[in-house]
Structure formats: C-alpha cells, structure tokens
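Student: This one is structure-v8.cif, mmCIF, C-alpha atoms.
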```cif
data_structure
#
loop_
_atom_site.label_atom_id
_atom_site.label_comp_id
_atom_site.auth_asym_id
_atom_site.auth_seq_id
_atom_site.Cartn_x
_atom_site.Cartn_y
_atom_site.Cartn_z
CA MET A 35 0.00 0.00 0.00
CA ALA A 36 1.54 3.25 -1.10
CA ARG A 37 0.38 6.68 -0.14
CA ILE A 38 1.43 9.32 -2.64
CA ALA A 39 0.31 12.92 -2.63
CA GLY A 40 -2.01 12.65 0.33
CA VAL A 41 -5.06 10.47 0.13
CA ASN A 42 -4.05 8.32 -2.74
CA ILE A 43 -3.60 4.61 -2.42
CA PRO A 44 -3.17 2.97 -5.80
CA THR A 45 -3.26 -0.81 -5.65
CA GLU A 46 -1.75 -3.74 -7.49
CA LYS A 47 -1.76 -1.93 -10.76
CA ARG A 48 1.21 -0.93 -12.85
CA VAL A 49 2.82 2.23 -11.57
CA GLU A 50 1.92 4.37 -14.57
CA ILE A 51 -1.72 3.37 -14.16
CA GLY A 52 -1.76 3.61 -10.39
CA LEU A 53 -0.47 7.17 -10.51
CA THR A 54 -3.42 8.27 -12.62
CA TYR A 55 -5.63 7.78 -9.55
CA ILE A 56 -4.17 11.06 -8.36
CA HIS A 57 -6.27 14.05 -9.43
CA GLY A 58 -4.15 16.02 -11.87
CA ILE A 59 -2.06 13.14 -13.17
CA GLY A 60 -3.08 11.37 -16.33
CA ARG A 61 -1.38 8.74 -18.42
CA ARG A 62 1.08 11.16 -19.92
CA LEU A 63 2.30 12.71 -16.69
CA ALA A 64 2.35 9.30 -15.03
CA VAL A 65 4.75 8.00 -17.67
CA ASP A 66 6.82 11.18 -17.38
CA ILE A 67 7.10 10.70 -13.64
CA CYS A 68 8.14 7.07 -14.00
CA GLU A 69 10.82 8.08 -16.43
CA LYS A 70 12.15 10.84 -14.20
CA ALA A 71 12.16 8.58 -11.16
CA GLY A 72 13.96 5.88 -13.13
CA ILE A 73 11.23 3.27 -12.74
CA PRO A 74 10.76 0.88 -15.64
CA LEU A 75 7.28 0.90 -17.13
CA GLY A 76 5.27 -2.14 -16.22
CA ARG A 77 6.47 -2.32 -12.65
CA ARG A 78 3.63 -2.93 -10.19
CA VAL A 79 3.03 -0.50 -7.36
CA GLN A 80 3.43 -3.23 -4.77
CA GLN A 81 6.86 -4.09 -6.20
CA LEU A 82 8.18 -0.59 -5.57
CA THR A 83 10.84 -0.25 -2.94
CA ASP A 84 10.34 2.34 -0.22
CA ASP A 85 13.11 4.34 -1.78
CA GLU A 86 11.32 4.50 -5.11
CA VAL A 87 8.04 5.49 -3.48
CA ILE A 88 9.80 8.35 -1.75
CA ARG A 89 11.38 9.44 -5.02
CA ILE A 90 8.00 9.53 -6.74
CA ARG A 91 6.46 11.38 -3.83
CA GLU A 92 9.15 14.04 -3.86
CA LEU A 93 8.94 14.42 -7.62
CA ILE A 94 5.22 15.02 -7.49
CA ASP A 95 5.49 17.36 -4.53
CA SER A 96 8.10 19.52 -6.19
CA ASP A 97 7.09 19.55 -9.85
CA TYR A 98 3.33 19.09 -10.13
CA THR A 99 0.15 20.63 -8.80
CA VAL A 100 -2.19 17.83 -7.82
CA GLU A 101 -5.25 17.04 -5.73
CA GLY A 102 -6.31 19.80 -3.34
CA ASP A 103 -3.96 22.43 -4.69
CA LEU A 104 -5.10 21.82 -8.24
CA ARG A 105 -8.76 21.84 -7.27
CA ARG A 106 -8.29 25.06 -5.33
CA ASN A 107 -6.47 26.54 -8.29
CA THR A 108 -9.30 25.73 -10.67
CA ALA A 109 -11.92 26.98 -8.24
CA MET A 110 -9.99 30.24 -7.80
CA ASN A 111 -9.80 30.77 -11.54
CA ILE A 112 -13.52 30.29 -11.90
CA LYS A 113 -14.22 32.52 -8.93
CA ARG A 114 -12.04 35.24 -10.44
CA LEU A 115 -14.13 35.17 -13.61
CA MET A 116 -17.36 35.27 -11.62
CA ASP A 117 -16.26 38.22 -9.48
CA LEU A 118 -15.06 40.10 -12.52
CA GLY A 119 -18.51 40.24 -14.05
CA CYS A 120 -17.28 39.26 -17.49
CA TYR A 121 -19.22 37.11 -19.92
CA ARG A 122 -17.46 33.88 -19.01
CA GLY A 123 -18.14 34.60 -15.34
CA LEU A 124 -21.83 35.12 -16.01
CA ARG A 125 -22.02 31.79 -17.80
CA HIS A 126 -20.37 30.06 -14.87
CA ARG A 127 -22.83 31.72 -12.49
CA LYS A 128 -25.80 30.58 -14.49
CA GLY A 129 -24.44 27.09 -15.00
CA LEU A 130 -24.52 27.36 -18.77
CA PRO A 131 -21.80 26.39 -21.24
CA VAL A 132 -18.92 28.85 -21.23
CA HIS A 133 -17.30 28.31 -24.60
CA GLY A 134 -20.07 29.43 -26.92
CA GLN A 135 -21.81 26.10 -27.45
CA ARG A 136 -25.45 26.00 -28.47
CA THR A 137 -28.01 25.85 -25.70
CA HIS A 138 -31.15 25.54 -27.84
CA THR A 139 -30.67 21.82 -27.55
CA ASN A 140 -28.10 19.74 -25.72
CA ALA A 141 -25.77 21.44 -23.22
CA ARG A 142 -27.07 18.88 -20.70
CA THR A 143 -23.75 18.41 -19.01
CA ARG A 144 -23.84 21.99 -17.77
CA LYS A 145 -27.57 22.45 -17.43
CA GLY A 146 -28.23 19.18 -15.68
CA LYS A 147 -31.33 17.10 -16.12
CA ALA A 148 -34.12 18.70 -18.16
CA ARG A 149 -36.68 20.55 -16.06
CA PRO A 150 -40.23 21.04 -17.34
CA ILE A 151 -41.22 24.62 -18.09
CA ALA A 152 -44.25 25.71 -16.09
CA GLY A 153 -47.35 26.18 -18.22
CA LYS A 154 -45.86 24.76 -21.37
CA LYS A 155 -48.43 22.83 -23.42
CA LYS A 156 -47.34 19.32 -24.30
CA ALA A 157 -47.64 18.30 -27.94
CA VAL A 158 -50.58 15.92 -28.36
CA MET B 55 -6.31 30.04 -31.39
CA ALA B 56 -4.55 32.68 -29.34
CA ARG B 57 -3.24 35.84 -30.92
CA SER B 58 0.45 36.00 -31.83
CA VAL B 59 2.49 37.74 -29.15
CA TRP B 60 4.58 39.72 -31.63
CA LYS B 61 1.52 41.65 -32.73
CA GLY B 62 0.88 42.94 -29.24
CA PRO B 63 -2.59 43.41 -27.82
CA PHE B 64 -5.25 44.72 -30.15
CA VAL B 65 -6.65 48.14 -29.29
CA ASP B 66 -8.54 50.59 -31.46
CA GLY B 67 -6.28 53.64 -31.67
CA TYR B 68 -8.81 56.22 -30.68
CA LEU B 69 -9.27 54.60 -27.29
CA LEU B 70 -5.73 55.45 -26.31
CA LYS B 71 -6.33 59.09 -27.15
CA LYS B 72 -9.59 59.20 -25.23
CA ALA B 73 -8.03 57.50 -22.23
CA ASP B 74 -5.08 59.87 -22.24
CA ALA B 75 -7.38 62.86 -22.44
CA ALA B 76 -9.48 61.58 -19.55
CA ARG B 77 -6.36 60.94 -17.52
CA ALA B 78 -4.99 64.38 -18.22
CA SER B 79 -8.18 66.25 -17.41
CA GLY B 80 -8.82 64.01 -14.43
CA SER B 81 -12.49 63.86 -15.29
CA LYS B 82 -14.52 61.03 -13.85
CA GLN B 83 -16.91 61.06 -16.76
CA VAL B 84 -17.86 57.85 -18.48
CA ILE B 85 -15.95 57.39 -21.72
CA LYS B 86 -18.38 56.09 -24.30
CA ILE B 87 -16.87 53.50 -26.59
CA TRP B 88 -18.15 51.21 -29.26
CA SER B 89 -14.95 49.25 -29.56
CA ARG B 90 -15.94 46.06 -27.78
CA ARG B 91 -13.14 44.23 -29.51
CA SER B 92 -10.35 46.18 -27.86
CA THR B 93 -8.16 44.64 -25.20
CA ILE B 94 -8.13 46.32 -21.80
CA LEU B 95 -4.65 47.72 -21.21
CA PRO B 96 -2.95 48.61 -17.92
CA GLN B 97 -3.29 52.33 -18.66
CA PHE B 98 -7.08 52.02 -18.64
CA VAL B 99 -7.23 50.94 -15.00
CA GLY B 100 -9.29 53.26 -12.81
CA LEU B 101 -11.22 54.81 -15.68
CA THR B 102 -14.88 54.20 -16.31
CA PHE B 103 -15.90 53.22 -19.80
CA GLY B 104 -19.37 53.08 -21.20
CA VAL B 105 -19.24 49.99 -23.35
CA HIS B 106 -21.90 49.83 -26.02
CA ASN B 107 -24.00 46.68 -25.99
CA GLY B 108 -25.87 47.47 -29.17
CA GLN B 109 -28.54 49.45 -27.37
CA LYS B 110 -27.01 51.46 -24.59
CA PHE B 111 -23.71 52.06 -22.84
CA ILE B 112 -22.91 49.81 -19.90
CA PRO B 113 -20.65 51.54 -17.39
CA VAL B 114 -17.57 49.46 -16.65
CA LEU B 115 -15.09 50.51 -14.02
CA VAL B 116 -11.82 48.98 -15.13
CA THR B 117 -9.91 47.17 -12.40
CA GLU B 118 -6.55 45.49 -12.48
CA ASN B 119 -8.02 42.01 -12.85
CA MET B 120 -9.66 42.99 -16.11
CA ILE B 121 -6.39 43.59 -17.94
CA GLY B 122 -6.11 41.28 -20.90
CA HIS B 123 -9.85 40.83 -21.29
CA LYS B 124 -11.83 42.60 -24.00
CA PHE B 125 -14.27 45.40 -23.30
CA GLY B 126 -17.11 43.46 -24.87
CA GLU B 127 -16.89 40.79 -22.22
CA PHE B 128 -18.25 43.22 -19.65
CA ALA B 129 -21.30 44.42 -21.56
CA PRO B 130 -23.67 41.53 -22.29
CA THR B 131 -25.56 41.94 -25.56
CA ARG B 132 -28.43 39.62 -24.74
CA VAL B 133 -30.94 39.84 -21.96
CA PHE B 134 -32.67 36.66 -20.90
CA HIS B 135 -35.91 37.19 -19.01
CA GLY B 136 -36.76 33.53 -18.64
CA HIS B 137 -39.23 31.53 -20.62
CA SER B 138 -42.81 32.68 -20.69
CA ALA B 139 -45.54 30.14 -20.23
CA ASP B 140 -46.82 28.81 -23.54
CA LYS B 141 -49.32 31.31 -24.98
CA LYS B 142 -51.80 28.76 -26.29
CA THR B 143 -52.33 27.26 -22.87
CA ALA B 144 -52.51 30.67 -21.25
CA VAL B 145 -55.30 31.86 -23.59
CA GLY B 146 -57.66 28.94 -23.47
CA SER B 147 -56.86 25.75 -21.71
CA SER B 148 -60.57 24.96 -21.80
CA ALA B 149 -61.16 25.82 -25.47
CA LYS B 150 -58.40 23.57 -26.60
CA SER B 151 -59.50 20.38 -28.30
#
```
Once more with this new file: its structure as structure tokens, please.
Tutor:
Amino acid sequence: MARIAGVNIPTEKRVEIGLTYIHGIGRRLAVDICEKAGIPLGRRVQQLTDDEVIRIRELIDSDYTVEGDLRRNTAMNIKRLMDLGCYRGLRHRKGLPVHGQRTHTNARTRKGKARPIAGKKKAV
Amino acid sequence: MARSVWKGPFVDGYLLKKADAARASGSKQVIKIWSRRSTILPQFVGLTFGVHNGQKFIPVLVTENMIGHKFGEFAPTRVFHGHSADKKTAVGSSAKS
C-alpha cells in the first residue's frame, strides 16, 4: 500500500496506471514521472521499494500541482471570472456552457437534467 | 487560437487618445466606446468606460483584474428574461380540443 500525494492509495496496478488515480495526473504525466524517477514501465506499485516510493512522492510534490492544490487553483480561476462580471463569469454563475456552445438543444452536461417549463403545453 | 504575441494586444487607436485625455483632465466622466473588440490595457485601469452593448452604454469601471480581457466581455448583448408560459395554454386551456 503506497500513499502518494495525500489520500491516494493505488493498488496492485502498474505504476503508470496507479499514478493516474491522483487528481491532476493522467497517463502522460504518469509516464513522465516514471521516467524521471527511473522506474521501468510495467512495474507494479506493490513491487516498488520504499526508496522509489519516496522518489515519486518528492517528484510530485516539487514539480506538479495535484489534488487539493489543483482543485483550489481551478476553483480560484472560476471565482475570479465570476467576481469580474465578465461574460465567461456570467455563464459560470448561471451554470450554462462557457465556450459558446449552443443551448437551444443539448448542453445537458452543464444544465443538468431537463426541467419542465411551467405552463408549457405538451404536444398531443 | 490565441493571438500572436509579436503583434501585441489589439486596441482601437482612438481609445488610447480618449483614455489619455481623460487621464490628463482628471475627469470622472464615463468614456463612451463602441470598440468592444479592444483589449483592456494597464493604462485604462481606474477609468470608467461606457461599453456599447448594441442598445445602450454599460458603465464598466476597469480594475486590475480585467487587464487582458476585452471590453465586450463586460457588456452583455443579450438579456434573458426567462421563458414565458406557452401562450396557447394561457389563452384557453378549456377551449383547446
């Protein structure tokens, strides 16, 4: 059991997969980290020596923003836009798509589940 | 795609003149502009611009955070009042077949 970057406990998976359980690290960064730490791809997390775990941990701590920090970062950026009163901020406030997508149809990811409009006559 | 750095930020020339004039005279009057496409530059901070939204001028007090954004971002061109209830049902829910 290896704890890297706080809460994360990847399991019996290969290291480059296990690392992607950390928020902010995907396949690409995971492979990068393995390379920098000198760990051959394909090694399982449980086969890591303590020394290697520490190396990975330090690498991530020093070079990457992950987990809480990254989430806070993103939230701050969005909050900045919202406080600024610019168009993108307004879209965030209203929970509508920010990048100019259509909202006539679709946009369900941002708008959530469809709500009925009060008083709208259903087609017979 | 982002704009090339070597071009510098885009600003309509007359804005610079207006801003300079406002700075020099120290007037707190709203500077009416139509140039929504212009980037907000550091020298605009502290001035109030009336950004045209197609109908009227929206007063925008420029703060430091706004640098790098465009003027148009701060003057929404559409007003959404929510959906009205369907007219047909409103008129005659009883008369409907």
Student: Carefully work through the PyMOL selection byres ((chain B and resi 92) around 12) for this structure and note down the residues it includes, as a list of chain:residue names.
Tutor: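 That selection, the PyMOL selection byres ((chain B and resi 92) around 12), comes back as B:Gly62, B:Pro63, B:Phe64, B:Val65, B:Asp66, B:Gly67, B:Tyr68, B:Leu69, B:Leu70, B:Ile87, B:Trp88, B:Ser89, B:Arg90, B:Arg91, B:Thr93, B:Ile94, B:Leu95, B:Phe98, B:Val105, B:Ile121, B:Gly122, B:His123, B:Lys124, B:Phe125, B:Gly126, B:Glu127, B:Phe128.
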Student: Report as a PDB file with C-alpha atoms, keeping the file's coordinate frame the residues that result from applying the PyMOL selection byres ((chain A and resi 98) around 12) to the structure here.
Tutor:
```pdb
ATOM      1  CA  ALA A  39       0.310  12.920  -2.630  1.00  0.00           C
ATOM      2  CA  ILE A  56      -4.170  11.060  -8.360  1.00  0.00           C
ATOM      3  CA  HIS A  57      -6.270  14.050  -9.430  1.00  0.00           C
ATOM      4  CA  GLY A  58      -4.150  16.020 -11.870  1.00  0.00           C
ATOM      5  CA  ILE A  59      -2.060  13.140 -13.170  1.00  0.00           C
ATOM      6  CA  GLY A  60      -3.080  11.370 -16.330  1.00  0.00           C
ATOM      7  CA  LEU A  63       2.300  12.710 -16.690  1.00  0.00           C
ATOM      8  CA  ALA A  64       2.350   9.300 -15.030  1.00  0.00           C
ATOM      9  CA  ASP A  66       6.820  11.180 -17.380  1.00  0.00           C
ATOM     10  CA  ILE A  67       7.100  10.700 -13.640  1.00  0.00           C
ATOM     11  CA  ILE A  90       8.000   9.530  -6.740  1.00  0.00           C
ATOM     12  CA  ARG A  91       6.460  11.380  -3.830  1.00  0.00           C
ATOM     13  CA  GLU A  92       9.150  14.040  -3.860  1.00  0.00           C
ATOM     14  CA  LEU A  93       8.940  14.420  -7.620  1.00  0.00           C
ATOM     15  CA  ILE A  94       5.220  15.020  -7.490  1.00  0.00           C
ATOM     16  CA  ASP A  95       5.490  17.360  -4.530  1.00  0.00           C
ATOM     17  CA  SER A  96       8.100  19.520  -6.190  1.00  0.00           C
ATOM     18  CA  ASP A  97       7.090  19.550  -9.850  1.00  0.00           C
ATOM     19  CA  THR A  99       0.150  20.630  -8.800  1.00  0.00           C
ATOM     20  CA  VAL A 100      -2.190  17.830  -7.820  1.00  0.00           C
ATOM     21  CA  GLU A 101      -5.250  17.040  -5.730  1.00  0.00           C
ATOM     22  CA  GLY A 102      -6.310  19.800  -3.340  1.00  0.00           C
ATOM     23  CA  ASP A 103      -3.960  22.430  -4.690  1.00  0.00           C
ATOM     24  CA  LEU A 104      -5.100  21.820  -8.240  1.00  0.00           C
TER      25      LEU A 104
END
```
Student: Separation of atom CA of Pro96 of chain B and atom CA of Arg127 of chain A, in Å?
Tutor: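 So the two atoms, atom CA of Pro96 of chain B and atom CA of Arg127 of chain A, lie 26.6 Å apart.
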Student: For Arg37 of chain A, find every residue with an atom within 12 Å (counting only C-alpha atoms), except residues of its own chain fewer than 3 positions away, and show them as a list in words.
Tutor: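 Skipping anything fewer than 3 positions along the chain leaves Gly40, Val41, Asn42, Ile43, Pro44, Thr45, Gly52, Leu53, Tyr55, Ile56, Val79, Gln80, Leu82, Asp84, Val87, Ile88, Ile90 and Arg91 of chain A.
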Student: Tell me which protein, DNA and RNA residues are within 10 Å of segment 132-136 of chain B, counting only C-alpha atoms, leaving out same-chain ones fewer than 6 positions away, and put them as a list in words.
Tutor: Ile151 of chain A; Asn107 and Gly108 of chain B
Student: Taking 5 positions as the minimum chain separation for residues in the same chain, which residues sit within 10 Å of Val65 of chain A when counting all atoms listed in the file? Answer as a list in words.
Tutor: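 Everything that qualifies: Val49, Glu50, Ile51, Leu53, Thr54, Ile59, Gly60, Lys70, Ala71, Ile73, Pro74 and Leu75 of chain A.
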Student: Can you tell me, as JSON, the centre and edge lengths (Å, one decimal) of the axis-aligned box enclosing all of segment 89-99 of chain B's listed atoms after padding each side by 6 Å?
Tutor:
```
{"center_x": -9.4, "center_y": 48.3, "center_z": -22.3, "size_x": 25.0, "size_y": 20.1, "size_z": 26.6}
```
Student: Hey, can you pull every residue with an atom no more than 12 Å from (-20.2, 30.5, -20.1), using all atoms listed in the file, and send it as a PyMOL selection string?
Tutor: (chain A and resi 112+115-116+119-137+141+144-145) or (chain B and resi 127+130)
Student: By how many Å are atom CA of Ser81 of chain B and atom CA of Gln109 of chain B apart?
Tutor: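 It comes out at 24.7 Å.
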Student: Which residue is closest to chain B? Choose from A:Thr83, A:Asn140, A:Leu118, A:Ala148 and count only C-alpha atoms.
Tutor: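 Between A:Thr83, A:Asn140, A:Leu118, A:Ala148, the residue approaching chain B most closely is A:Leu118.
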Student: Using only C-alpha atoms, which residue out of A:Ile38, A:Arg114, A:Thr139, A:Lys147 lies closest to chain B?
Tutor: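 Using only C-alpha atoms, chain B sits closest to A:Arg114.
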Student: Just give me the gap between atom CA of Asn111 of chain A and atom CA of Trp60 of chain B in Å, one decimal is fine.
Tutor: 26.3 Å
